[in-house]
$ cat protein-v8.pdb   # PDB, C-alpha atoms
ATOM      1  CA  MET A 785    -123.039 178.202 141.747
ATOM      2  CA  TRP A 786    -120.424 175.645 142.666
ATOM      3  CA  LEU A 787    -119.936 173.084 145.370
ATOM      4  CA  ASN A 788    -117.337 173.173 148.108
ATOM      5  CA  LEU A 789    -116.601 170.549 150.757
ATOM      6  CA  ARG A 790    -115.947 171.898 154.217
ATOM      7  CA  ILE A 791    -114.563 169.903 157.148
ATOM      8  CA  PHE A 792    -116.305 170.776 160.416
ATOM      9  CA  PRO A 793    -115.635 169.306 163.878
ATOM     10  CA  ILE A 794    -118.741 167.924 165.599
ATOM     11  CA  GLN A 795    -118.570 166.942 169.266
ATOM     12  CA  THR A 796    -120.465 163.787 170.138
ATOM     13  CA  PRO A 797    -120.716 161.803 173.386
ATOM     14  CA  GLN A 798    -117.978 159.582 171.990
ATOM     15  CA  GLY A 799    -115.642 162.494 171.277
ATOM     16  CA  VAL A 800    -114.981 164.825 168.357
ATOM     17  CA  ARG A 801    -115.509 163.636 164.807
ATOM     18  CA  LEU A 802    -115.051 165.426 161.508
ATOM     19  CA  MET A 803    -118.082 165.949 159.321
ATOM     20  CA  GLN A 804    -117.549 166.698 155.636
ATOM     21  CA  VAL A 805    -120.360 168.944 154.464
ATOM     22  CA  PRO A 806    -121.125 170.025 150.891
ATOM     23  CA  THR A 807    -121.685 173.760 150.830
ATOM     24  CA  THR A 808    -123.177 175.585 147.860
ATOM     25  CA  GLN A 809    -121.217 178.766 147.149
ATOM     26  CA  PRO A 810    -122.070 181.846 145.112
ATOM     27  CA  THR A 811    -119.993 182.164 141.959
ATOM     28  CA  GLY A 812    -117.060 184.530 142.457
ATOM     29  CA  ARG A 813    -116.664 183.880 146.191
ATOM     30  CA  PRO A 814    -114.616 180.684 146.333
ATOM     31  CA  GLY A 815    -114.256 179.174 149.786
ATOM     32  CA  GLN A 816    -116.847 181.462 151.386
ATOM     33  CA  PRO A 817    -120.277 180.053 152.284
ATOM     34  CA  SER A 818    -123.199 182.321 151.536
ATOM     35  CA  PRO A 819    -124.505 184.392 154.493
ATOM     36  CA  LEU A 820    -127.059 182.689 156.704
ATOM     37  CA  ARG A 821    -129.499 184.353 159.111
ATOM     38  CA  LEU A 822    -130.750 182.499 162.170
ATOM     39  CA  ALA A 823    -133.328 183.613 164.740
ATOM     40  CA  HIS A 824    -133.639 181.780 168.052
ATOM     41  CA  LEU A 825    -136.576 182.361 170.418
ATOM     42  CA  VAL A 826    -137.169 181.286 174.007
ATOM     43  CA  ASN A 827    -140.067 182.024 176.340
ATOM     44  CA  VAL A 828    -138.690 183.898 179.377
ATOM     45  CA  PHE A 829    -140.462 184.647 182.647
ATOM     46  CA  VAL A 830    -139.771 185.834 186.180
ATOM     47  CA  PRO A 831    -139.238 182.551 188.076
ATOM     48  CA  THR A 832    -141.121 181.709 191.229
ATOM     49  CA  PRO A 833    -138.724 182.063 194.200
ATOM     50  CA  GLY A 834    -137.158 178.720 194.973
ATOM     51  CA  SER A 835    -138.026 177.133 191.619
ATOM     52  CA  GLU A 836    -135.367 175.473 189.457
ATOM     53  CA  PHE A 837    -135.751 178.211 186.846
ATOM     54  CA  GLU A 838    -134.022 180.656 189.187
ATOM     55  CA  TRP A 839    -130.739 179.074 188.099
ATOM     56  CA  VAL A 840    -131.794 177.233 184.911
ATOM     57  CA  GLN A 841    -133.006 180.331 183.029
ATOM     58  CA  PRO A 842    -129.811 182.402 183.517
ATOM     59  CA  ILE A 843    -127.670 179.434 182.443
ATOM     60  CA  THR A 844    -129.746 178.892 179.278
ATOM     61  CA  LEU A 845    -129.697 182.559 178.288
ATOM     62  CA  GLU A 846    -125.967 182.923 178.948
ATOM     63  CA  SER A 847    -125.215 179.803 176.913
ATOM     64  CA  MET A 848    -127.130 181.281 173.971
ATOM     65  CA  ARG A 849    -125.249 184.548 174.314
ATOM     66  CA  ARG A 850    -121.869 182.789 174.353
ATOM     67  CA  ALA A 851    -122.793 180.626 171.379
ATOM     68  CA  ARG A 852    -123.735 183.713 169.372
ATOM     69  CA  THR A 853    -120.426 185.357 170.290
ATOM     70  CA  ALA A 854    -118.559 182.256 169.103
ATOM     71  CA  THR A 855    -120.339 182.223 165.730
ATOM     72  CA  LEU A 856    -118.423 183.177 162.576
ATOM     73  CA  GLY A 857    -119.102 186.358 160.623
ATOM     74  CA  ASN A 858    -120.988 184.708 157.736
ATOM     75  CA  ILE A 859    -123.708 183.561 160.164
ATOM     76  CA  SER A 860    -125.902 186.124 161.896
ATOM     77  CA  VAL A 861    -127.806 185.046 165.001
ATOM     78  CA  GLU A 862    -130.690 187.013 166.474
ATOM     79  CA  LEU A 863    -131.788 186.137 170.007
ATOM     80  CA  LEU A 864    -135.485 186.760 170.674
ATOM     81  CA  THR A 865    -137.840 186.356 173.616
ATOM     82  CA  ALA A 866    -141.564 185.825 173.998
ATOM     83  CA  GLN A 867    -143.032 186.913 177.316
ATOM     84  CA  PHE A 868    -146.059 188.175 179.185
ATOM     85  CA  PRO A 869    -145.948 191.889 180.147
ATOM     86  CA  GLN A 870    -145.123 191.121 183.781
ATOM     87  CA  ASP A 871    -142.116 189.035 182.725
ATOM     88  CA  ARG A 872    -140.226 191.775 180.895
ATOM     89  CA  PRO A 873    -137.752 192.219 183.797
ATOM     90  CA  ALA A 874    -136.416 188.734 182.949
ATOM     91  CA  ILE A 875    -135.310 189.738 179.435
ATOM     92  CA  PRO A 876    -131.524 190.153 179.043
ATOM     93  CA  THR A 877    -130.442 193.467 177.542
ATOM     94  CA  ASP A 878    -128.920 191.853 174.438
ATOM     95  CA  PHE A 879    -132.025 189.802 173.596
ATOM     96  CA  ARG A 880    -134.835 191.407 171.619
ATOM     97  CA  ALA A 881    -138.341 191.122 173.024
ATOM     98  CA  THR A 882    -141.162 190.300 170.618
ATOM     99  CA  PRO A 883    -144.635 191.767 171.337
ATOM    100  CA  ASP A 884    -145.998 190.638 174.689
ATOM    101  CA  LEU A 885    -148.171 187.541 174.829
ATOM    102  CA  ASP A 886    -151.825 188.425 175.314
ATOM    103  CA  ARG A 887    -153.363 185.063 176.206
ATOM    104  CA  SER A 888    -152.583 181.861 178.058
ATOM    105  CA  VAL A 889    -154.336 178.557 178.650
ATOM    106  CA  ARG A 890    -156.561 180.360 181.161
ATOM    107  CA  GLU A 891    -158.227 182.399 178.424
ATOM    108  CA  VAL A 892    -158.060 179.820 175.633
ATOM    109  CA  TRP A 893    -159.523 177.012 177.731
ATOM    110  CA  ASN A 894    -161.680 179.300 179.904
ATOM    111  CA  ASN A 895    -160.281 178.064 183.211
ATOM    112  CA  PRO A 896    -158.756 180.755 185.478
ATOM    113  CA  SER A 897    -157.483 178.114 187.920
ATOM    114  CA  LEU A 898    -154.900 176.801 185.420
ATOM    115  CA  PRO A 899    -151.260 177.917 185.511
ATOM    116  CA  PRO A 900    -150.803 180.676 182.887
ATOM    117  CA  PHE A 901    -148.819 178.613 180.379
ATOM    118  CA  PRO A 902    -148.401 180.169 176.901
ATOM    119  CA  ILE A 903    -149.931 178.686 173.776
ATOM    120  CA  PHE A 904    -147.177 177.215 171.602
ATOM    121  CA  VAL A 905    -148.368 178.659 168.296
ATOM    122  CA  ASP A 906    -148.271 182.177 169.812
ATOM    123  CA  LEU A 907    -144.547 181.776 170.461
ATOM    124  CA  LEU A 908    -143.742 180.556 166.951
ATOM    125  CA  GLN A 909    -145.964 183.246 165.435
ATOM    126  CA  ARG A 910    -143.888 185.921 167.177
ATOM    127  CA  LEU A 911    -140.668 184.270 166.057
ATOM    128  CA  TYR A 912    -141.901 184.192 162.454
ATOM    129  CA  GLU A 913    -143.370 187.707 162.349
ATOM    130  CA  ASN A 914    -140.560 189.522 164.146
ATOM    131  CA  SER A 915    -137.593 188.218 162.238
ATOM    132  CA  GLU A 916    -136.532 187.969 158.635
ATOM    133  CA  ALA A 917    -134.153 185.099 159.361
ATOM    134  CA  ASP A 918    -133.759 182.291 156.845
ATOM    135  CA  TYR A 919    -134.112 179.639 159.557
ATOM    136  CA  LEU A 920    -136.008 179.759 162.831
ATOM    137  CA  ILE A 921    -135.033 178.022 166.071
ATOM    138  CA  TYR A 922    -137.212 177.288 169.069
ATOM    139  CA  THR A 923    -135.974 175.623 172.247
ATOM    140  CA  ASN A 924    -137.534 175.077 175.633
ATOM    141  CA  LEU A 925    -136.251 177.431 178.326
ATOM    142  CA  ASP A 926    -134.491 174.621 180.184
ATOM    143  CA  ILE A 927    -132.337 173.730 177.159
ATOM    144  CA  ALA A 928    -128.859 175.270 177.118
ATOM    145  CA  VAL A 929    -126.556 175.157 174.097
ATOM    146  CA  GLN A 930    -122.908 174.435 173.424
ATOM    147  CA  PRO A 931    -120.638 177.271 172.184
ATOM    148  CA  HIS A 932    -120.530 175.714 168.695
ATOM    149  CA  PHE A 933    -124.321 175.256 168.532
ATOM    150  CA  TYR A 934    -125.080 177.876 165.866
ATOM    151  CA  GLU A 935    -122.058 176.862 163.802
ATOM    152  CA  SER A 936    -123.322 173.274 163.799
ATOM    153  CA  VAL A 937    -126.873 174.374 162.950
ATOM    154  CA  ALA A 938    -125.491 176.300 159.975
ATOM    155  CA  GLN A 939    -123.556 173.241 158.791
ATOM    156  CA  PHE A 940    -126.660 171.050 158.976
ATOM    157  CA  ILE A 941    -128.578 173.651 156.966
ATOM    158  CA  ARG A 942    -125.820 173.896 154.363
ATOM    159  CA  ALA A 943    -125.863 170.120 154.102
ATOM    160  CA  GLY A 944    -129.383 170.504 152.669
ATOM    161  CA  HIS A 945    -131.711 170.002 155.651
ATOM    162  CA  ASP A 946    -134.707 172.337 155.658
ATOM    163  CA  ALA A 947    -135.821 171.169 159.113
ATOM    164  CA  PHE A 948    -134.304 169.140 161.923
ATOM    165  CA  ILE A 949    -134.560 168.293 165.600
ATOM    166  CA  ILE A 950    -131.555 168.133 167.926
ATOM    167  CA  ASN A 951    -131.868 165.934 171.000
ATOM    168  CA  ARG A 952    -130.355 167.083 174.265
ATOM    169  CA  ARG A 953    -127.952 165.549 176.760
ATOM    170  CA  ARG A 954    -129.014 165.214 180.411
ATOM    171  CA  LEU A 955    -126.490 166.532 182.921
ATOM    172  CA  PRO A 956    -126.387 165.863 186.673
ATOM    173  CA  GLY A 957    -128.630 168.189 188.667
ATOM    174  CA  HIS A 958    -125.897 169.701 190.837
ATOM    175  CA  TYR A 959    -125.085 172.535 188.423
ATOM    176  CA  ARG A 960    -126.435 175.863 189.651
ATOM    177  CA  SER A 961    -124.308 178.734 188.314
ATOM    178  CA  ILE A 962    -123.251 180.415 185.084
ATOM    179  CA  SER A 963    -119.677 180.110 186.357
ATOM    180  CA  GLU A 964    -120.019 176.327 185.956
ATOM    181  CA  LEU A 965    -120.745 176.529 182.217
ATOM    182  CA  PRO A 966    -117.241 175.313 181.233
ATOM    183  CA  ALA A 967    -117.813 172.173 183.329
ATOM    184  CA  MET A 968    -121.248 171.713 181.739
ATOM    185  CA  TYR A 969    -119.762 172.027 178.260
ATOM    186  CA  ALA A 970    -117.322 169.219 179.079
ATOM    187  CA  ASP A 971    -119.840 166.955 180.826
ATOM    188  CA  LYS A 972    -120.983 164.209 178.439
ATOM    189  CA  GLY A 973    -124.159 163.556 180.441
ATOM    190  CA  LYS A 974    -126.726 161.026 179.248
ATOM    191  CA  SER A 975    -128.846 160.786 176.132
ATOM    192  CA  HIS A 976    -132.486 161.843 176.079
ATOM    193  CA  PRO A 977    -135.033 160.792 173.445
ATOM    194  CA  GLY A 978    -137.424 163.752 173.726
ATOM    195  CA  PHE A 979    -137.773 166.577 171.212
ATOM    196  CA  ASP A 980    -137.067 170.079 172.551
ATOM    197  CA  CYS A 981    -134.924 171.873 169.954
ATOM    198  CA  PHE A 982    -136.539 172.613 166.578
ATOM    199  CA  VAL A 983    -134.860 174.251 163.586
ATOM    200  CA  PHE A 984    -136.820 174.907 160.399
ATOM    201  CA  LYS A 985    -136.851 177.025 157.271
ATOM    202  CA  ARG A 986    -139.088 180.033 157.758
ATOM    203  CA  GLU A 987    -141.234 179.161 154.712
ATOM    204  CA  LEU A 988    -142.448 176.037 156.507
ATOM    205  CA  PHE A 989    -144.141 177.825 159.411
ATOM    206  CA  PRO A 990    -147.349 178.935 157.589
ATOM    207  CA  LYS A 991    -148.006 175.269 156.785
ATOM    208  CA  PHE A 992    -147.906 174.106 160.407
ATOM    209  CA  VAL A 993    -151.021 172.846 162.171
ATOM    210  CA  LEU A 994    -150.462 173.389 165.894
ATOM    211  CA  GLY A 995    -153.902 173.922 167.397
ATOM    212  CA  ASN A 996    -153.871 175.310 170.933
ATOM    213  CA  VAL A 997    -151.333 173.037 172.602
ATOM    214  CA  CYS A 998    -149.522 174.794 175.431
ATOM    215  CA  ILE A 999    -145.855 174.637 176.363
ATOM    216  CA  GLY A1000    -144.532 172.961 179.486
ATOM    217  CA  ILE A1001    -146.752 169.905 178.939
ATOM    218  CA  PRO A1002    -146.304 166.836 176.689
ATOM    219  CA  PHE A1003    -147.609 166.861 173.118
ATOM    220  CA  ILE A1004    -145.920 170.031 171.812
ATOM    221  CA  GLU A1005    -142.856 167.930 170.957
ATOM    222  CA  ILE A1006    -144.983 165.209 169.347
ATOM    223  CA  LEU A1007    -147.096 167.663 167.359
ATOM    224  CA  MET A1008    -144.156 169.798 166.253
ATOM    225  CA  GLY A1009    -142.359 166.660 165.156
ATOM    226  CA  GLN A1010    -145.310 165.562 163.028
ATOM    227  CA  ASN A1011    -145.450 168.968 161.356
ATOM    228  CA  LEU A1012    -141.777 168.780 160.461
ATOM    229  CA  PHE A1013    -142.106 165.190 159.213
ATOM    230  CA  CYS A1014    -145.035 166.248 156.994
ATOM    231  CA  HIS A1015    -143.782 169.493 155.540
ATOM    232  CA  ALA A1016    -139.987 169.303 155.375
ATOM    233  CA  LEU A1017    -138.400 168.064 152.182
ATOM    234  CA  ASN A1018    -135.217 166.874 153.886
ATOM    235  CA  PHE A1019    -135.852 166.394 157.611
ATOM    236  CA  LYS A1020    -133.301 164.845 159.960
ATOM    237  CA  LEU A1021    -133.270 163.899 163.632
ATOM    238  CA  PHE A1022    -129.885 164.467 165.261
ATOM    239  CA  ASP A1023    -130.217 162.186 168.259
ATOM    240  CA  ASN A1024    -126.564 161.678 169.162
ATOM    241  CA  GLU A1025    -124.927 165.092 168.899
ATOM    242  CA  PHE A1026    -123.594 166.951 171.928
ATOM    243  CA  LEU A1027    -125.079 170.350 171.071
ATOM    244  CA  THR A1028    -127.763 171.013 173.695
ATOM    245  CA  PHE A1029    -128.079 170.008 177.341
ATOM    246  CA  HIS A1030    -130.517 170.029 180.238
ATOM    247  CA  ILE A1031    -129.641 170.199 183.932
ATOM    248  CA  GLY A1032    -131.196 167.188 185.631
ATOM    249  CA  GLU A1033    -131.322 163.564 184.557
ATOM    250  CA  ASP A1034    -135.075 163.094 184.849
ATOM    251  CA  ILE A1035    -137.055 161.982 181.782
ATOM    252  CA  PHE A1036    -140.658 162.275 182.947
ATOM    253  CA  LYS A1037    -142.017 164.839 185.409
ATOM    254  CA  PRO A1038    -145.435 165.105 187.069
ATOM    255  CA  ARG A1039    -147.815 167.116 184.867
ATOM    256  CA  ASN A1040    -151.023 169.044 185.445
ATOM    257  CA  PRO A1041    -153.695 166.484 184.472
ATOM    258  CA  ILE A1042    -156.071 169.088 182.999
ATOM    259  CA  LEU A1043    -153.368 170.593 180.798
ATOM    260  CA  LEU A1044    -152.249 167.126 179.761
ATOM    261  CA  GLN A1045    -155.788 166.140 178.799
ATOM    262  CA  ASN A1046    -156.321 169.350 176.824
ATOM    263  CA  ASN A1047    -153.002 169.028 175.007
ATOM    264  CA  ARG A1048    -153.854 165.446 174.076
ATOM    265  CA  ALA A1049    -157.198 166.589 172.649
ATOM    266  CA  GLU A1050    -155.526 169.408 170.678
ATOM    267  CA  PHE A1051    -152.964 166.964 169.317
ATOM    268  CA  ARG A1052    -155.676 164.616 168.093
ATOM    269  CA  LYS A1053    -157.521 167.446 166.333
ATOM    270  CA  ALA A1054    -154.322 168.557 164.640
ATOM    271  CA  VAL A1055    -153.545 165.003 163.511
ATOM    272  CA  GLU A1056    -156.954 164.828 161.830
ATOM    273  CA  GLU A1057    -156.087 167.937 159.839
ATOM    274  CA  LEU A1058    -152.607 166.660 159.002
ATOM    275  CA  TRP A1059    -153.837 163.161 158.160
ATOM    276  CA  PRO A1060    -153.612 163.441 154.343
ATOM    277  CA  LEU A1061    -149.908 164.333 154.679
ATOM    278  CA  LEU A1062    -148.923 161.923 157.445
ATOM    279  CA  ASP A1063    -146.689 159.046 156.401
ATOM    280  CA  ASN A1064    -144.577 156.961 158.773
ATOM    281  CA  ARG A1065    -142.015 156.480 156.016
ATOM    282  CA  LYS A1066    -140.992 160.072 156.828
ATOM    283  CA  PHE A1067    -140.505 159.295 160.530
ATOM    284  CA  PRO A1068    -137.067 159.013 162.114
ATOM    285  CA  TYR A1069    -135.675 155.465 161.925
ATOM    286  CA  ALA A1070    -137.980 154.601 158.998
ATOM    287  CA  ASP A1071    -134.913 153.503 157.013
ATOM    288  CA  LYS A1072    -134.001 150.824 159.558
ATOM    289  CA  TRP A1073    -134.795 147.122 159.287
ATOM    290  CA  ILE A1074    -138.488 146.488 160.022
ATOM    291  CA  LEU A1075    -138.096 145.080 163.543
ATOM    292  CA  ALA A1076    -135.516 147.708 164.483
ATOM    293  CA  ARG A1077    -137.671 150.614 163.372
ATOM    294  CA  TRP A1078    -140.808 149.308 165.088
ATOM    295  CA  LEU A1079    -138.821 148.790 168.282
ATOM    296  CA  LYS A1080    -137.496 152.353 168.033
ATOM    297  CA  TRP A1081    -140.979 153.747 167.410
ATOM    298  CA  GLY A1082    -142.527 151.689 170.174
ATOM    299  CA  LEU A1083    -140.052 152.913 172.787
ATOM    300  CA  HIS A1084    -139.897 156.536 171.657
ATOM    301  CA  PRO A1085    -141.932 159.029 173.765
ATOM    302  CA  CYS A1086    -142.404 161.397 170.816
ATOM    303  CA  ILE A1087    -143.494 158.893 168.169
ATOM    304  CA  PRO A1088    -146.947 157.514 169.110
ATOM    305  CA  ILE A1089    -147.034 153.817 168.303
ATOM    306  CA  ARG A1090    -150.801 153.921 167.741
ATOM    307  CA  LEU A1091    -150.306 156.600 165.090
ATOM    308  CA  CYS A1092    -147.624 154.452 163.445
ATOM    309  CA  LEU A1093    -150.022 151.513 163.308
ATOM    310  CA  ASN A1094    -152.824 153.656 161.886
ATOM    311  CA  LEU A1095    -150.506 154.987 159.206
ATOM    312  CA  GLU A1096    -149.460 151.438 158.331
ATOM    313  CA  LEU A1097    -153.131 150.549 157.919
ATOM    314  CA  LYS A1098    -153.598 153.692 155.817
ATOM    315  CA  LYS A1099    -150.918 152.464 153.393
ATOM    316  CA  ILE A1100    -152.520 149.023 153.156
ATOM    317  CA  ILE A1101    -155.950 150.475 152.401
ATOM    318  CA  LYS A1102    -154.455 152.832 149.834
ATOM    319  CA  LYS A1103    -152.783 149.924 148.045
ATOM    320  CA  SER A1104    -155.883 147.722 148.111
ATOM    321  CA  PRO A1105    -157.494 147.241 144.666
ATOM    322  CA  ARG A1106    -160.839 148.955 144.237
ATOM    323  CA  ARG A1107    -163.847 146.702 144.142
TER     324      ARG A1107
END

$ encode --input "protein-v8.pdb" --output "structure tokens"
Amino acid sequence: MWLNLRIFPIQTPQGVRLMQVPTTQPTGRPGQPSPLRLAHLVNVFVPTPGSEFEWVQPITLESMRRARTATLGNISVELLTAQFPQDRPAIPTDFRATPDLDRSVREVWNNPSLPPFPIFVDLLQRLYENSEADYLIYTNLDIAVQPHFYESVAQFIRAGHDAFIINRRRLPGHYRSISELPAMYADKGKSHPGFDCFVFKRELFPKFVLGNVCIGIPFIEILMGQNLFCHALNFKLFDNEFLTFHIGEDIFKPRNPILLQNNRAEFRKAVEELWPLLDNRKFPYADKWILARWLKWGLHPCIPIRLCLNLELKKIIKKSPRR
């Protein structure tokens, strides 16, 4: 094995910069990075007439298709879907459907009046079981990707990261058509602090503790983040790259209060199970000066400040001399 440095252009909101990435190469193949398999899953559904997903879903799926087409030959990208049986008509012909979902929050929480949102772990389980990819990618359905998305993901992996989160850019809400994708690619938009694009080595998934949180409601991003912080050996948050985007500049939307309450309860149960592994020194921004990192944590919607404080207390108690 030998090491090669590769220069790769990364587009940021401030323009294009060059990132020099060390790439481990197999002996006898100088200049050629080893093959890398990626699998990317989204949850598709037949949108309600008049809902934003009538135009958002086609844009997301087309952006993924174009990004795969733009990917170099030493990176293979498999596009997968998770869906309920009635949503199969929404699956594009060049995406591969995983086995249909067989439960929603209605069955899990025994409340038929709830919207039939999928359980998050069911989506990741299908991604894990129906692909042999080296790295797995999950994004929310309203997250579109830049043409160089998979190339950039591969570079981050080859730089040594076994898990990472990529934050999105928020674009104006006037975009409605696939034909406008070139304009969306060029639109710098605004930053967004939330977590909605997760990339991780497949060996990490069996370690995750995800409970029964559902998608479409807060706490999946917080819980998934904690799992990556706990289990990854070299996690990184990419919070200023221009690789994914969302149509609409909103940050917080109205949520179903019952689903929100249930997700909060599931998050707390999962945190109890993860507690021995939780350490805020693994959190994003932990390397910053003390006031800067606490300010970042306090303002971040996906890093609960109460959890940070509890983990700080945990460290103090652990260091206390036994009596």

$ axis_aligned_box --input "protein-v8.pdb" --around "segment 1038-1057 of chain A" --padding-each-side "5 Å" --output "AutoDock Vina command-line options"
--center_x -151.5 --center_y 167.6 --center_z 173.5 --size_x 22.1 --size_y 16.0 --size_z 37.2

$ closest_atom_pairs --input "protein-v8.pdb" --of "segment 896-945 of chain A" --to "segment 985-991 of chain A" --cutoff "10 Å" --atoms "all atoms listed in the file" --output "tab-separated table"
residue	atom	partner	partner_atom	distance
A:Val905	CA	A:Phe989	CA	9.9
A:Leu908	CA	A:Phe989	CA	8.0
A:Gln909	CA	A:Phe989	CA	8.3
A:Leu911	CA	A:Arg986	CA	9.5
A:Tyr912	CA	A:Arg986	CA	6.9
A:Glu913	CA	A:Arg986	CA	9.9
A:Ser915	CA	A:Arg986	CA	9.4
A:Glu916	CA	A:Arg986	CA	8.4
A:Ala917	CA	A:Arg986	CA	7.3
A:Asp918	CA	A:Arg986	CA	5.9
A:Tyr919	CA	A:Lys985	CA	4.4
A:Leu920	CA	A:Arg986	CA	5.9
A:Ile921	CA	A:Lys985	CA	9.0
A:Ile941	CA	A:Lys985	CA	8.9
A:His945	CA	A:Lys985	CA	8.9

$ atom_distance --input "protein-v8.pdb" --atom1 "atom CA of Arg887 of chain A" --atom2 "atom CA of Ile903 of chain A"
7.6 Å

$ residues_around --input "protein-v8.pdb" --residues "Ile1006 of chain A" --least-positions-apart "2" --cutoff "10 Å" --atoms "all atoms listed in the file" --output "MDAnalysis selection string"
chainID A and resid 978:980 1002:1004 1008:1011 1051 1085:1088

$ closest_residue --input "protein-v8.pdb" --among "A:Val1055, A:Leu856, A:Ile843, A:Ile875" --to "Asn827 of chain A" --atoms "all atoms listed in the file"
A:Ile875

$ atom_distance --input "protein-v8.pdb" --atom1 "atom CA of Val937 of chain A" --atom2 "atom CA of Pro819 of chain A"
13.3 Å

$ closest_residue --input "protein-v8.pdb" --among "A:Cys1014, A:Ala866, A:Met848, A:Ala938" --to "Phe829 of chain A" --atoms "all atoms listed in the file"
A:Ala866

$ build_atoms --input "protein-v8.pdb" --residues "segment 1047-1053 of chain A" --atoms "all heavy atoms" --output "PDB file, keeping the file's coordinate frame"
ATOM      1  N   ASN A1047    -154.027 169.134 176.045  1.00  0.00           N
ATOM      2  CA  ASN A1047    -153.002 169.028 175.007  1.00  0.00           C
ATOM      3  C   ASN A1047    -153.204 167.774 174.168  1.00  0.00           C
ATOM      4  O   ASN A1047    -153.002 167.785 172.946  1.00  0.00           O
ATOM      5  CB  ASN A1047    -151.607 169.022 175.633  1.00  0.00           C
ATOM      6  CG  ASN A1047    -150.967 170.397 175.628  1.00  0.00           C
ATOM      7  OD1 ASN A1047    -151.630 171.411 175.414  1.00  0.00           O
ATOM      8  ND2 ASN A1047    -149.670 170.454 175.875  1.00  0.00           N
ATOM      9  N   ARG A1048    -153.596 166.687 174.818  1.00  0.00           N
ATOM     10  CA  ARG A1048    -153.854 165.446 174.076  1.00  0.00           C
ATOM     11  C   ARG A1048    -154.999 165.652 173.081  1.00  0.00           C
ATOM     12  O   ARG A1048    -154.926 165.219 171.922  1.00  0.00           O
ATOM     13  CB  ARG A1048    -154.182 164.310 175.040  1.00  0.00           C
ATOM     14  CG  ARG A1048    -154.433 162.975 174.328  1.00  0.00           C
ATOM     15  CD  ARG A1048    -154.829 161.882 175.304  1.00  0.00           C
ATOM     16  NE  ARG A1048    -153.696 161.476 176.138  1.00  0.00           N
ATOM     17  CZ  ARG A1048    -153.593 161.734 177.443  1.00  0.00           C
ATOM     18  NH1 ARG A1048    -154.558 162.393 178.068  1.00  0.00           N
ATOM     19  NH2 ARG A1048    -152.546 161.325 178.118  1.00  0.00           N
ATOM     20  N   ALA A1049    -156.050 166.333 173.532  1.00  0.00           N
ATOM     21  CA  ALA A1049    -157.198 166.589 172.649  1.00  0.00           C
ATOM     22  C   ALA A1049    -156.798 167.492 171.484  1.00  0.00           C
ATOM     23  O   ALA A1049    -157.214 167.265 170.336  1.00  0.00           O
ATOM     24  CB  ALA A1049    -158.334 167.223 173.444  1.00  0.00           C
ATOM     25  N   GLU A1050    -155.981 168.511 171.750  1.00  0.00           N
ATOM     26  CA  GLU A1050    -155.526 169.408 170.678  1.00  0.00           C
ATOM     27  C   GLU A1050    -154.640 168.657 169.692  1.00  0.00           C
ATOM     28  O   GLU A1050    -154.701 168.895 168.476  1.00  0.00           O
ATOM     29  CB  GLU A1050    -154.769 170.591 171.280  1.00  0.00           C
ATOM     30  CG  GLU A1050    -155.649 171.574 172.032  1.00  0.00           C
ATOM     31  CD  GLU A1050    -156.615 172.308 171.125  1.00  0.00           C
ATOM     32  OE1 GLU A1050    -156.233 172.649 169.982  1.00  0.00           O
ATOM     33  OE2 GLU A1050    -157.770 172.549 171.551  1.00  0.00           O
ATOM     34  N   PHE A1051    -153.817 167.765 170.194  1.00  0.00           N
ATOM     35  CA  PHE A1051    -152.964 166.964 169.317  1.00  0.00           C
ATOM     36  C   PHE A1051    -153.809 166.106 168.372  1.00  0.00           C
ATOM     37  O   PHE A1051    -153.545 166.035 167.169  1.00  0.00           O
ATOM     38  CB  PHE A1051    -152.034 166.084 170.149  1.00  0.00           C
ATOM     39  CG  PHE A1051    -151.298 165.047 169.355  1.00  0.00           C
ATOM     40  CD1 PHE A1051    -150.243 165.405 168.532  1.00  0.00           C
ATOM     41  CD2 PHE A1051    -151.662 163.707 169.420  1.00  0.00           C
ATOM     42  CE1 PHE A1051    -149.564 164.455 167.786  1.00  0.00           C
ATOM     43  CE2 PHE A1051    -150.994 162.749 168.686  1.00  0.00           C
ATOM     44  CZ  PHE A1051    -149.937 163.125 167.869  1.00  0.00           C
ATOM     45  N   ARG A1052    -154.832 165.482 168.919  1.00  0.00           N
ATOM     46  CA  ARG A1052    -155.676 164.616 168.093  1.00  0.00           C
ATOM     47  C   ARG A1052    -156.403 165.411 167.016  1.00  0.00           C
ATOM     48  O   ARG A1052    -156.539 164.943 165.879  1.00  0.00           O
ATOM     49  CB  ARG A1052    -156.664 163.874 168.988  1.00  0.00           C
ATOM     50  CG  ARG A1052    -155.995 162.782 169.827  1.00  0.00           C
ATOM     51  CD  ARG A1052    -156.949 162.175 170.832  1.00  0.00           C
ATOM     52  NE  ARG A1052    -156.315 161.071 171.567  1.00  0.00           N
ATOM     53  CZ  ARG A1052    -156.809 160.508 172.658  1.00  0.00           C
ATOM     54  NH1 ARG A1052    -157.980 160.929 173.143  1.00  0.00           N
ATOM     55  NH2 ARG A1052    -156.168 159.521 173.255  1.00  0.00           N
ATOM     56  N   LYS A1053    -156.863 166.612 167.342  1.00  0.00           N
ATOM     57  CA  LYS A1053    -157.521 167.446 166.333  1.00  0.00           C
ATOM     58  C   LYS A1053    -156.536 167.839 165.235  1.00  0.00           C
ATOM     59  O   LYS A1053    -156.880 167.850 164.043  1.00  0.00           O
ATOM     60  CB  LYS A1053    -158.112 168.691 166.998  1.00  0.00           C
ATOM     61  CG  LYS A1053    -159.357 168.432 167.812  1.00  0.00           C
ATOM     62  CD  LYS A1053    -160.063 169.714 168.218  1.00  0.00           C
ATOM     63  CE  LYS A1053    -159.255 170.512 169.221  1.00  0.00           C
ATOM     64  NZ  LYS A1053    -160.005 171.708 169.711  1.00  0.00           N
TER      65      LYS A1053
END
